[in-house]
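Everything below belongs to upload-v2.txt, which stores compact mmCIF, C-alpha atoms.
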```txt
# COMPACT_ATOMS: atom_id res chain seq x y z
CA MET X 1 0.00 0.00 0.00
CA ALA X 2 1.09 3.59 -0.63
CA GLN X 3 2.36 5.48 2.41
CA SER X 4 -0.45 7.16 4.35
CA VAL X 5 -0.39 10.83 5.35
CA LEU X 6 -2.01 11.97 8.60
CA HIS X 7 -4.42 14.78 7.77
CA GLU X 8 -6.13 17.06 10.28
CA GLY X 9 -9.88 17.28 10.38
CA ILE X 10 -12.72 18.98 12.17
CA VAL X 11 -16.40 18.14 12.52
CA ARG X 12 -18.78 21.10 12.71
CA ALA X 13 -22.49 21.48 13.17
CA GLY X 14 -24.49 23.51 10.68
CA ASP X 15 -23.97 26.64 12.79
CA GLY X 16 -20.21 26.18 12.73
CA ALA X 17 -19.84 24.88 16.27
CA PRO X 18 -17.35 22.06 16.68
CA VAL X 19 -18.86 18.65 17.38
CA PRO X 20 -17.09 16.44 19.94
CA ASP X 21 -17.37 12.63 20.01
CA ALA X 22 -18.48 12.32 16.40
CA LEU X 23 -17.36 9.14 14.64
CA VAL X 24 -15.50 9.62 11.38
CA ALA X 25 -14.75 6.93 8.80
CA VAL X 26 -13.89 6.52 5.15
CA ALA X 27 -17.13 5.78 3.32
CA ARG X 28 -15.65 5.40 -0.14
CA GLY X 29 -12.15 5.61 -1.55
CA THR X 30 -9.83 4.78 -4.34
CA GLU X 31 -7.19 3.35 -2.03
CA PRO X 32 -7.33 0.77 0.78
CA THR X 33 -7.99 2.16 4.23
CA PRO X 34 -8.56 0.28 7.48
CA GLU X 35 -12.20 0.12 8.62
CA ILE X 36 -11.56 1.73 11.97
CA ALA X 37 -13.75 4.64 13.12
CA ILE X 38 -12.12 7.82 14.48
CA ARG X 39 -13.68 9.80 17.32
CA SER X 40 -13.45 13.61 17.26
CA ASN X 41 -12.03 15.22 20.40
CA HIS X 42 -13.55 17.90 22.64
CA GLU X 43 -12.74 20.51 19.97
CA GLY X 44 -14.33 18.47 17.21
CA ARG X 45 -10.91 17.69 15.79
CA PHE X 46 -9.57 14.40 14.51
CA GLY X 47 -6.66 13.01 12.53
CA ILE X 48 -7.15 10.66 9.60
CA ALA X 49 -4.40 8.75 7.82
CA LEU X 50 -4.96 8.40 4.07
CA PRO X 51 -2.78 7.26 1.19
CA PRO X 52 -2.97 9.71 -1.75
CA GLY X 53 -6.30 9.27 -3.48
CA SER X 54 -9.93 10.36 -3.59
CA TYR X 55 -12.27 9.73 -0.68
CA GLU X 56 -15.73 10.29 0.69
CA ILE X 57 -15.40 10.74 4.44
CA GLU X 58 -18.44 10.39 6.67
CA ALA X 59 -19.08 11.77 10.16
CA ARG X 60 -21.95 10.94 12.48
CA ALA X 61 -22.60 12.79 15.76
CA PRO X 62 -23.84 11.01 18.90
CA GLY X 63 -27.30 12.44 18.29
CA GLY X 64 -27.34 11.06 14.76
CA ALA X 65 -26.58 14.16 12.66
CA HIS X 66 -24.62 13.17 9.60
CA GLY X 67 -22.18 14.74 7.19
CA LEU X 68 -20.21 13.64 4.15
CA VAL X 69 -17.33 15.32 2.36
CA THR X 70 -15.41 14.41 -0.78
CA VAL X 71 -11.69 15.10 -0.77
CA ARG X 72 -8.70 14.43 -2.93
CA THR X 73 -5.52 13.98 -0.94
CA GLY X 74 -1.87 13.84 -1.87
CA GLU X 75 1.39 13.69 0.00
CA ALA X 76 0.92 17.09 1.66
CA ARG X 77 -1.09 17.36 4.84
CA GLN X 78 -4.40 19.15 4.54
CA VAL X 79 -7.36 20.08 6.71
CA ILE X 80 -10.62 18.22 6.14
CA GLU X 81 -13.80 19.83 7.37
CA ILE X 82 -17.04 17.89 7.70
CA VAL X 83 -20.25 19.84 8.30
CA LEU X 84 -23.19 17.91 9.71
CA ASP X 85 -26.57 18.36 8.13
CA GLY X 86 -28.55 17.87 11.31
CA THR X 87 -30.56 14.96 9.89
CA PRO X 88 -30.25 11.68 11.86
CA MET I 1 8.31 -21.56 4.94
CA LEU I 2 6.69 -18.42 6.33
CA SER I 3 7.78 -17.62 9.87
CA LEU I 4 5.98 -15.23 12.20
CA ARG I 5 7.16 -13.73 15.48
CA SER I 6 4.98 -12.27 18.17
CA ILE I 7 5.65 -8.72 19.30
CA SER I 8 3.98 -7.66 22.52
CA ARG I 9 3.32 -4.44 24.39
CA VAL I 10 3.27 -5.28 28.08
CA PRO I 11 3.71 -2.12 30.17
CA SER I 12 4.76 -3.91 33.34
CA SER I 13 7.37 -6.08 31.67
CA ILE I 14 9.29 -6.42 28.46
CA GLY I 15 7.61 -8.65 25.93
CA MET I 16 10.18 -11.09 24.60
CA PRO I 17 9.56 -12.08 21.02
CA ARG I 18 9.84 -15.77 20.51
CA GLY I 19 10.83 -17.14 17.15
CA LEU I 20 8.24 -19.48 15.81
CA SER I 21 9.01 -22.77 14.22
CA PRO I 22 5.54 -23.58 13.07
CA GLU I 23 4.91 -27.19 12.27
CA SER I 24 2.07 -26.16 10.07
CA ALA I 25 -0.04 -28.64 8.23
CA PRO I 26 0.75 -28.76 4.52
CA LEU I 27 -1.53 -26.84 2.22
CA GLY I 28 -4.60 -28.85 1.43
CA THR I 29 -5.61 -29.70 4.98
CA ALA I 30 -7.52 -27.71 7.54
CA VAL I 31 -5.75 -26.33 10.60
CA THR I 32 -7.80 -25.11 13.52
CA THR I 33 -7.45 -24.07 17.12
CA ALA I 34 -8.92 -26.43 19.66
CA ALA I 35 -12.67 -26.76 19.28
CA PRO I 36 -14.80 -25.19 21.98
CA SER I 37 -15.49 -27.75 24.63
CA ALA I 38 -18.39 -25.95 26.26
CA PRO I 39 -21.82 -26.08 24.67
CA GLN I 40 -22.45 -23.04 22.51
CA ASP I 41 -25.73 -21.60 23.67
CA ILE I 42 -26.73 -20.51 20.21
CA THR I 43 -30.48 -20.03 20.27
CA LYS I 44 -32.76 -21.50 17.63
CA SER I 45 -33.59 -18.05 16.32
CA SER I 46 -29.90 -17.23 15.93
CA ARG I 47 -29.28 -20.58 14.22
CA ARG I 48 -31.99 -19.72 11.70
CA ARG I 49 -30.35 -16.37 11.03
CA LEU I 50 -26.71 -17.47 10.72
CA VAL I 51 -25.52 -18.91 7.42
CA VAL I 52 -24.05 -22.39 7.18
CA GLY I 53 -22.13 -24.24 4.49
CA LYS I 54 -21.66 -23.30 0.85
CA ARG I 55 -23.85 -21.64 -1.74
CA SER I 56 -23.16 -21.30 -5.45
CA ALA I 57 -25.24 -18.15 -5.92
CA PRO I 58 -25.33 -14.89 -3.91
CA LEU I 59 -28.09 -14.39 -1.38
CA TRP I 60 -29.06 -11.21 -3.26
CA SER I 61 -27.88 -9.39 -6.33
CA GLN I 62 -25.48 -6.48 -6.14
CA ASP I 63 -25.79 -3.21 -7.95
CA GLU I 64 -22.64 -3.51 -10.01
CA SER I 65 -22.89 0.11 -11.12
CA GLY I 66 -21.81 1.25 -7.69
CA VAL I 67 -23.28 2.74 -4.54
CA ARG I 68 -25.52 5.79 -4.55
CA GLY I 69 -27.47 7.78 -2.05
CA ARG I 70 -26.69 9.76 1.08
CA LEU I 71 -26.51 6.72 3.29
CA ALA I 72 -24.67 4.51 0.85
CA VAL I 73 -21.13 3.82 1.90
CA GLU I 74 -18.29 2.22 0.04
CA SER I 75 -18.16 -0.96 2.00
CA VAL I 76 -21.90 -1.37 1.76
CA LEU I 77 -21.96 -3.25 -1.51
CA GLY I 78 -24.94 -1.94 -3.43
CA ASP I 79 -27.88 0.40 -2.89
CA LEU I 80 -29.12 -1.35 0.22
CA ASP I 81 -27.33 -1.90 3.50
CA GLU I 82 -28.05 -5.57 4.20
CA ARG I 83 -26.81 -5.50 7.78
CA THR I 84 -29.04 -6.44 10.72
CA ARG I 85 -28.74 -5.09 14.23
CA ILE I 86 -28.30 -7.80 16.86
CA VAL I 87 -30.00 -7.22 20.22
CA SER I 88 -29.64 -10.69 21.80
CA THR I 89 -26.00 -9.98 22.45
CA ASP I 90 -26.01 -11.97 25.69
CA THR I 91 -26.19 -15.22 23.71
CA ALA I 92 -23.71 -17.01 21.47
CA PRO I 93 -22.14 -16.26 19.13
CA TRP I 94 -22.97 -12.57 19.50
CA LYS I 95 -21.69 -12.34 23.08
CA TYR I 96 -18.20 -13.24 21.86
CA VAL I 97 -18.08 -10.15 19.65
CA CYS I 98 -16.67 -7.17 21.54
CA ALA I 99 -16.98 -3.42 21.15
CA LEU I 100 -13.56 -1.79 21.42
CA SER I 101 -13.01 1.79 22.60
CA ILE I 102 -9.38 2.50 21.81
CA ASP I 103 -7.30 5.23 23.40
CA SER I 104 -4.03 6.05 21.68
CA PRO I 105 -1.38 8.79 21.63
CA ALA I 106 -3.16 10.29 18.59
CA GLY I 107 -6.75 10.10 19.81
CA ARG I 108 -9.65 7.72 20.28
CA PHE I 109 -11.05 5.10 17.96
CA VAL I 110 -13.76 2.47 17.66
CA GLY I 111 -13.08 -1.07 16.56
CA THR I 112 -14.21 -4.67 17.06
CA GLY I 113 -12.65 -7.74 18.66
CA TRP I 114 -13.75 -11.30 19.38
CA VAL I 115 -13.22 -13.86 22.09
CA VAL I 116 -11.01 -16.82 21.26
CA ALA I 117 -10.22 -17.95 24.84
CA PRO I 118 -11.27 -16.95 28.37
CA ARG I 119 -8.84 -14.03 28.52
CA THR I 120 -7.74 -13.62 24.88
CA LEU I 121 -9.36 -11.56 22.15
CA ILE I 122 -8.34 -11.23 18.52
CA THR I 123 -8.66 -8.02 16.54
CA ALA I 124 -6.99 -6.21 13.67
CA GLY I 125 -3.38 -5.19 14.07
CA HIS I 126 -4.28 -1.57 13.34
CA CYS I 127 -6.61 -1.57 16.37
CA VAL I 128 -3.63 -1.98 18.71
CA LEU I 129 -0.71 -0.54 16.73
CA ASP I 130 -0.65 1.99 13.92
CA ARG I 131 2.26 4.40 13.76
CA THR I 132 0.56 6.83 11.41
CA GLN I 133 -3.08 6.79 12.51
CA MET I 134 -2.62 6.13 16.23
CA GLY I 135 0.91 7.41 16.83
CA GLY I 136 2.11 3.96 17.87
CA TRP I 137 0.69 1.35 20.24
CA ALA I 138 -2.69 1.92 21.84
CA ASN I 139 -2.46 3.20 25.42
CA ALA I 140 -5.47 1.20 26.55
CA ILE I 141 -8.55 -0.47 25.09
CA GLU I 142 -11.91 -0.79 26.80
CA VAL I 143 -13.43 -4.13 25.83
CA SER I 144 -17.19 -4.67 26.09
CA PRO I 145 -18.25 -8.19 25.06
CA GLY I 146 -21.76 -8.37 23.69
CA ARG I 147 -22.40 -4.67 24.16
CA ASP I 148 -25.84 -3.40 23.16
CA ARG I 149 -25.98 0.37 23.51
CA GLU I 150 -25.75 1.14 27.25
CA LEU I 151 -26.04 -2.54 28.17
CA THR I 152 -22.78 -4.34 28.85
CA PRO I 153 -23.88 -7.85 29.87
CA PHE I 154 -20.31 -9.02 30.45
CA SER I 155 -18.96 -5.75 31.84
CA THR I 156 -16.33 -3.49 30.34
CA HIS I 157 -12.68 -4.35 30.83
CA ARG I 158 -9.77 -1.94 30.50
CA VAL I 159 -6.81 -3.70 28.86
CA VAL I 160 -3.22 -2.57 28.33
CA LYS I 161 -1.52 -5.75 27.10
CA PHE I 162 -1.46 -6.37 23.36
CA SER I 163 0.40 -8.53 20.87
CA THR I 164 0.79 -8.51 17.13
CA VAL I 165 3.07 -10.26 14.64
CA ASP I 166 6.34 -8.91 13.33
CA ARG I 167 5.00 -8.55 9.79
CA TRP I 168 2.52 -6.00 11.11
CA GLU I 169 4.70 -4.38 13.80
CA GLN I 170 7.65 -3.83 11.46
CA ASP I 171 6.13 -3.56 7.99
CA GLN I 172 2.45 -2.68 8.58
CA ASP I 173 1.80 -5.47 6.06
CA PRO I 174 -1.99 -5.56 5.53
CA ASP I 175 -1.90 -9.32 4.96
CA PHE I 176 -0.83 -9.71 8.59
CA ASP I 177 -3.08 -7.06 10.11
CA ILE I 178 -3.89 -9.22 13.15
CA ALA I 179 -3.43 -8.72 16.90
CA ALA I 180 -4.33 -10.12 20.30
CA ILE I 181 -5.72 -8.36 23.36
CA HIS I 182 -4.79 -10.01 26.65
CA LEU I 183 -7.04 -9.60 29.65
CA ASP I 184 -5.89 -10.12 33.24
CA GLN I 185 -8.95 -12.19 34.12
CA ASP I 186 -11.24 -14.73 32.48
CA ILE I 187 -14.34 -13.20 30.97
CA PHE I 188 -15.83 -16.46 29.72
CA GLY I 189 -15.47 -20.13 30.59
CA ALA I 190 -12.87 -22.46 29.18
CA GLY I 191 -13.76 -23.59 25.69
CA GLU I 192 -16.11 -20.71 24.99
CA GLY I 193 -15.61 -18.36 22.09
CA PHE I 194 -14.80 -18.59 18.43
CA GLN I 195 -12.68 -21.33 16.95
CA VAL I 196 -10.10 -20.28 14.37
CA GLY I 197 -9.45 -22.23 11.19
CA ALA I 198 -7.20 -22.26 8.12
CA PHE I 199 -8.77 -24.04 5.19
CA PRO I 200 -7.69 -24.85 1.62
CA ASP I 201 -8.79 -22.50 -1.15
CA ALA I 202 -11.30 -24.90 -2.64
CA GLU I 203 -13.04 -25.33 0.67
CA LEU I 204 -13.30 -21.60 1.36
CA LEU I 205 -14.61 -20.44 -2.01
CA ASP I 206 -18.37 -19.92 -2.04
CA PHE I 207 -18.57 -20.71 1.68
CA MET I 208 -21.27 -18.67 3.38
CA VAL I 209 -19.64 -16.20 5.74
CA ASN I 210 -20.99 -14.16 8.64
CA VAL I 211 -19.36 -10.84 9.55
CA SER I 212 -20.15 -9.14 12.87
CA GLY I 213 -18.97 -5.91 14.39
CA TYR I 214 -19.55 -2.51 15.94
CA PRO I 215 -19.73 0.10 13.16
CA GLY I 216 -19.60 3.80 13.83
CA SER I 217 -22.48 4.25 11.44
CA PRO I 218 -24.99 2.92 12.07
CA GLY I 219 -24.74 2.30 15.77
CA GLY I 220 -22.20 4.75 17.13
CA GLY I 221 -19.80 1.93 17.99
CA ILE I 222 -22.16 0.57 20.66
CA GLU I 223 -24.57 -1.51 18.59
CA GLN I 224 -23.65 -4.88 17.19
CA TRP I 225 -24.45 -5.39 13.54
CA TRP I 226 -24.18 -8.51 11.42
CA ALA I 227 -24.39 -9.41 7.75
CA LYS I 228 -23.91 -12.49 5.64
CA ASN I 229 -23.09 -13.59 2.12
CA ARG I 230 -20.31 -15.55 0.43
CA ILE I 231 -16.56 -15.76 0.22
CA ARG I 232 -16.06 -14.70 -3.39
CA ALA I 233 -12.31 -14.96 -3.78
CA VAL I 234 -9.25 -16.07 -1.90
CA THR I 235 -5.59 -15.27 -2.32
CA PRO I 236 -2.75 -16.85 -0.32
CA ARG I 237 -3.11 -14.33 2.49
CA ARG I 238 -6.60 -12.78 2.16
CA ILE I 239 -10.24 -13.64 1.75
CA TYR I 240 -12.77 -11.46 -0.10
CA TYR I 241 -16.49 -11.45 0.57
CA ASP I 242 -19.57 -9.57 -0.60
CA VAL I 243 -20.76 -8.68 2.90
CA ASP I 244 -21.71 -5.13 3.94
CA THR I 245 -19.46 -3.46 6.52
CA SER I 246 -18.38 0.06 7.52
CA GLY I 247 -15.88 1.96 9.68
CA GLY I 248 -15.65 0.58 13.24
CA GLN I 249 -15.89 -3.03 12.14
CA SER I 250 -12.13 -3.36 11.86
CA GLY I 251 -11.02 -6.44 13.77
CA GLY I 252 -14.38 -8.17 13.61
CA PRO I 253 -14.71 -11.88 12.88
CA ALA I 254 -15.49 -13.27 9.43
CA TYR I 255 -16.78 -16.71 10.41
CA ILE I 256 -18.32 -19.83 8.97
CA PHE I 257 -20.31 -22.78 10.22
CA ARG I 258 -19.31 -26.07 8.62
CA ASP I 259 -22.55 -27.66 9.77
CA GLU I 260 -25.69 -26.64 11.58
CA ASN I 261 -24.53 -27.83 14.99
CA GLY I 262 -20.88 -26.86 14.79
CA PRO I 263 -19.09 -23.95 16.45
CA PRO I 264 -18.43 -20.67 14.66
CA ILE I 265 -15.01 -20.79 12.99
CA VAL I 266 -13.22 -17.55 12.13
CA VAL I 267 -11.48 -17.67 8.76
CA GLY I 268 -10.50 -13.99 8.53
CA VAL I 269 -10.18 -10.83 10.62
CA HIS I 270 -12.20 -8.10 8.91
CA ALA I 271 -9.91 -5.18 8.22
CA TYR I 272 -10.51 -3.40 4.91
CA GLY I 273 -13.34 -2.15 2.76
CA VAL I 274 -13.67 -2.21 -0.99
CA GLY I 275 -10.60 -0.05 -1.47
CA GLY I 276 -8.49 -2.89 -0.12
CA THR I 277 -9.36 -5.17 -3.02
CA PRO I 278 -6.66 -5.45 -5.68
CA ALA I 279 -7.32 -5.21 -9.40
CA SER I 280 -6.63 -8.93 -9.66
CA VAL I 281 -9.90 -9.51 -7.80
CA PRO I 282 -12.36 -7.74 -10.17
CA MET I 283 -15.28 -7.51 -7.76
CA ARG I 284 -16.74 -5.02 -5.32
CA VAL I 285 -15.93 -6.94 -2.16
CA ASN I 286 -14.56 -6.38 1.32
CA SER I 287 -11.59 -8.27 2.66
CA ALA I 288 -9.79 -9.75 5.63
CA PRO I 289 -6.36 -11.14 6.41
CA ARG I 290 -6.86 -14.84 6.01
CA MET I 291 -6.33 -17.41 8.70
CA ILE I 292 -3.37 -19.41 7.43
CA PRO I 293 -1.65 -22.21 9.38
CA GLU I 294 1.10 -19.92 10.67
CA VAL I 295 -1.45 -17.42 11.99
CA VAL I 296 -3.54 -20.17 13.59
CA ASP I 297 -0.41 -21.41 15.33
CA GLN I 298 0.36 -17.91 16.57
CA ILE I 299 -3.16 -17.43 17.89
CA GLN I 300 -2.91 -20.76 19.70
CA ALA I 301 0.36 -19.56 21.23
CA TRP I 302 -1.30 -16.35 22.39
CA ILE I 303 -4.10 -18.43 23.94
CA ASP I 304 -1.71 -20.83 25.65
CA ASN I 305 0.95 -18.41 26.80
CA GLY I 306 -0.41 -14.87 26.89
CA PRO I 307 1.76 -11.94 25.82
CA GLU I 308 5.02 -12.53 27.64
CA ASN I 309 6.02 -15.86 26.23
CA SER I 310 4.10 -16.11 23.01
```

What does this structure look like when you write it as structure tokens?
Amino acid sequence: MAQSVLHEGIVRAGDGAPVPDALVAVARGTEPTPEIAIRSNHEGRFGIALPPGSYEIEARAPGGAHGLVTVRTGEARQVIEIVLDGTP
Amino acid sequence: MLSLRSISRVPSSIGMPRGLSPESAPLGTAVTTAAPSAPQDITKSSRRRLVVGKRSAPLWSQDESGVRGRLAVESVLGDLDERTRIVSTDTAPWKYVCALSIDSPAGRFVGTGWVVAPRTLITAGHCVLDRTQMGGWANAIEVSPGRDRELTPFSTHRVVKFSTVDRWEQDQDPDFDIAAIHLDQDIFGAGEGFQVGAFPDAELLDFMVNVSGYPGSPGGGIEQWWAKNRIRAVTPRRIYYDVDTSGGQSGGPAYIFRDENGPPIVVGVHAYGVGGTPASVPMRVNSAPRMIPEVVDQIQAWIDNGPENS
């Protein structure tokens, strides 16, 4: 497998507030990624290791709000923001 | 001959790797851990649900054009998520599937493990050690066998002793993405839990496989979900199956029943979604490191000896 890069991420509610304890996972991707789920911290932040490729990354808050973002990553670290839509 | 060494993280002592000289059975014969000696209290309703034996056709057709829709996820193979939530998690085999809450230097994660002996669980290597995602070894893992939301029928156990194999610890080789979690006390009786088996290719292909785990979505890592279908392809080190899964199910068991009254036998540790399937396997399938004789031997060593001398 290609070498993974640890990217920073943040989960936000629709009003921009950070969302702690959301679970983040790769929903779809062009490269292999482990099926572990990542929990956002008290600031809504998380780190996600991805080999260069294209991905759909999903977040789900404890209350059920859901968000999905499509990203293309390379060898440089980037920030991934996921905004929840408020619909369980 | 392939040789594996165990690498352990034991905070109170130094884990001494022991070189393995596996006397593995030649290819073409099955190799298993000792069969459970205790009766498996699998209820009739669970027996009706679980899949047994082989099947030449899929249980349902896949949408080969790909997944669509807001709730469709990569490792859900088609338009519909075929997984079922399990609520009778205090009965076998569901009670042997464990929710993992992982604390690491780089944050917290959700994964899945499964009971193979009274104080030994098996999971994916990346649930206990991942230098990029987790910043190294996990600090501690909270293990909840048979968890169902707030219900923990077999308590929650905080564990700090882990083992993996050198091919994962040194190379992060996905074909050896397997680890053990060692508890300090028995959580089930002797002979309870999953059996582990290495089988020839011809026997595995088209075998009906069950995959259980604790996904982040649905379920938030505290609901047990299960799905079934077939083993569609095998390579020397991996098995591929058209069974829906999603993030959080890493480490979960991919298991078969050879007959209606037999124990559940794990043939792979679920680890990767569709992206982990090589071009040589031209299907939309999920995958697991395969139980091969050397891995079965290592798991038996972890069962027999724990982390220090395995």

Got a sec: who's within 7 Å of segment 8-18 of chain X, counting all atoms listed in the file, leaving out chain neighbours fewer than 2 positions off, as a list in words?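 These residues fall inside the cut-off: Leu6, Pro20, Glu43, Gly44, Arg45, Phe46, Gly47, Ile48, Gln78, Val79, Ile80, Glu81, Ile82, Val83, Leu84, Asp85 and Gly86 of chain X.
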
Please measure the separation of atom CA of Gly146 of chain I and atom CA of Thr164 of chain I, giving the value in Å to one decimal. 23.5 Å

How close does chain X get to chain I? List, as a tab-separated table, each residue of chain X within 6 Å, its nearest atom pair and the distance in Å to one decimal, counting all atoms listed in the file.
```
residue	atom	partner	partner_atom	distance
X:Leu23	CA	I:Gly216	CA	5.8
X:Ala25	CA	I:Gly247	CA	5.2
X:Ala27	CA	I:Val73	CA	4.7
X:Arg28	CA	I:Glu74	CA	4.1
X:Gly29	CA	I:Gly275	CA	5.9
X:Thr30	CA	I:Gly275	CA	5.7
X:Glu31	CA	I:Gly275	CA	4.8
X:Pro32	CA	I:Gly276	CA	3.9
X:Pro34	CA	I:Tyr272	CA	4.9
X:Glu35	CA	I:Gly247	CA	4.2
X:Ile36	CA	I:Gly248	CA	4.4
X:Ala37	CA	I:Gly248	CA	4.5
X:Ile38	CA	I:Phe109	CA	4.5
X:Arg39	CA	I:Arg108	CA	5.4
X:Ala49	CA	I:Gln133	CA	5.3
```

Using only C-alpha atoms, please write the residues we just selected to a file, as a PDB file, in the coordinates of the input.
```pdb
ATOM      1  CA  LEU X  23     -17.360   9.140  14.640  1.00  0.00           C
ATOM      2  CA  ALA X  25     -14.750   6.930   8.800  1.00  0.00           C
ATOM      3  CA  ALA X  27     -17.130   5.780   3.320  1.00  0.00           C
ATOM      4  CA  ARG X  28     -15.650   5.400  -0.140  1.00  0.00           C
ATOM      5  CA  GLY X  29     -12.150   5.610  -1.550  1.00  0.00           C
ATOM      6  CA  THR X  30      -9.830   4.780  -4.340  1.00  0.00           C
ATOM      7  CA  GLU X  31      -7.190   3.350  -2.030  1.00  0.00           C
ATOM      8  CA  PRO X  32      -7.330   0.770   0.780  1.00  0.00           C
ATOM      9  CA  PRO X  34      -8.560   0.280   7.480  1.00  0.00           C
ATOM     10  CA  GLU X  35     -12.200   0.120   8.620  1.00  0.00           C
ATOM     11  CA  ILE X  36     -11.560   1.730  11.970  1.00  0.00           C
ATOM     12  CA  ALA X  37     -13.750   4.640  13.120  1.00  0.00           C
ATOM     13  CA  ILE X  38     -12.120   7.820  14.480  1.00  0.00           C
ATOM     14  CA  ARG X  39     -13.680   9.800  17.320  1.00  0.00           C
ATOM     15  CA  ALA X  49      -4.400   8.750   7.820  1.00  0.00           C
TER      16      ALA X  49
END
```

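Candidate residues I:Asp206, I:Asp148, I:Glu169, I:Asp41 were compared for distance to Ile7 of chain I, and the nearest is I:Glu169, using all atoms listed in the file.
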
Could you jot down the atom CA of Arg9 of chain I to atom CA of Gly125 of chain I separation for me, Å, one decimal place?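 We find that atom CA of Arg9 of chain I and atom CA of Gly125 of chain I lie 12.3 Å from each other.
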
Find the spatial neighbours of segment 286-293 of chain I, counting only C-alpha atoms, within a cut-off of 8 Å - ignore same-chain residues fewer than 2 positions away - and output them as a ChimeraX atom specification. /I:24-25,31-32,75,174-178,196-199,236-245,254,266-277,284,295-297

Using atom CA of Asp186 of chain I and atom CA of Tyr96 of chain I as the two end points, give the distance in Å to one decimal.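 Rounded to one decimal, the two atoms are 12.8 Å apart.
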
From I:Phe162, I:Asp90, I:Ser46, I:Lys54, residue lying nearest Arg232 of chain I [all atoms listed in the file]: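 The closest residue to Arg232 of chain I is I:Lys54.
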
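For the residues I:Val116, I:Val285, I:Ala180, I:Ile256, ranking by smallest atom-to-atom distance to Val234 of chain I using all atoms listed in the file places I:Val285 first.
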
Save segment 8-19 of chain X from what I just supplied, as a CSV table (one decimal), in the first residue's frame, atoms limited to N, CA, C and O atoms.
```
chain,number,residue,atom,x,y,z
X,8,GLU,N,-5.3,16.5,9.2
X,8,GLU,CA,-6.1,17.1,10.3
X,8,GLU,C,-7.6,17.2,9.8
X,8,GLU,O,-7.8,17.4,8.6
X,9,GLY,N,-8.5,17.1,10.7
X,9,GLY,CA,-9.9,17.3,10.4
X,9,GLY,C,-10.7,17.9,11.5
X,9,GLY,O,-10.2,18.0,12.7
X,10,ILE,N,-11.8,18.4,11.2
X,10,ILE,CA,-12.7,19.0,12.2
X,10,ILE,C,-14.2,18.7,11.8
X,10,ILE,O,-14.5,18.8,10.6
X,11,VAL,N,-15.0,18.4,12.7
X,11,VAL,CA,-16.4,18.1,12.5
X,11,VAL,C,-17.1,19.3,13.1
X,11,VAL,O,-16.9,19.7,14.2
X,12,ARG,N,-18.0,19.9,12.3
X,12,ARG,CA,-18.8,21.1,12.7
X,12,ARG,C,-20.3,20.8,12.5
X,12,ARG,O,-20.7,20.1,11.6
X,13,ALA,N,-21.0,21.5,13.4
X,13,ALA,CA,-22.5,21.5,13.2
X,13,ALA,C,-22.8,22.5,12.1
X,13,ALA,O,-22.0,23.3,11.7
X,14,GLY,N,-24.1,22.6,11.7
X,14,GLY,CA,-24.5,23.5,10.7
X,14,GLY,C,-24.2,25.0,11.0
X,14,GLY,O,-24.0,25.8,10.2
X,15,ASP,N,-24.2,25.3,12.3
X,15,ASP,CA,-24.0,26.6,12.8
X,15,ASP,C,-22.5,26.9,13.0
X,15,ASP,O,-22.1,28.0,13.5
X,16,GLY,N,-21.7,26.0,12.6
X,16,GLY,CA,-20.2,26.2,12.7
X,16,GLY,C,-19.6,25.7,14.0
X,16,GLY,O,-18.4,25.7,14.1
X,17,ALA,N,-20.4,25.3,15.0
X,17,ALA,CA,-19.8,24.9,16.3
X,17,ALA,C,-19.2,23.5,16.1
X,17,ALA,O,-19.7,22.7,15.4
X,18,PRO,N,-18.0,23.4,16.8
X,18,PRO,CA,-17.4,22.1,16.7
X,18,PRO,C,-18.2,21.0,17.4
X,18,PRO,O,-18.9,21.3,18.3
X,19,VAL,N,-18.1,19.8,16.9
X,19,VAL,CA,-18.9,18.7,17.4
X,19,VAL,C,-17.9,17.6,18.0
X,19,VAL,O,-17.2,16.9,17.3
```
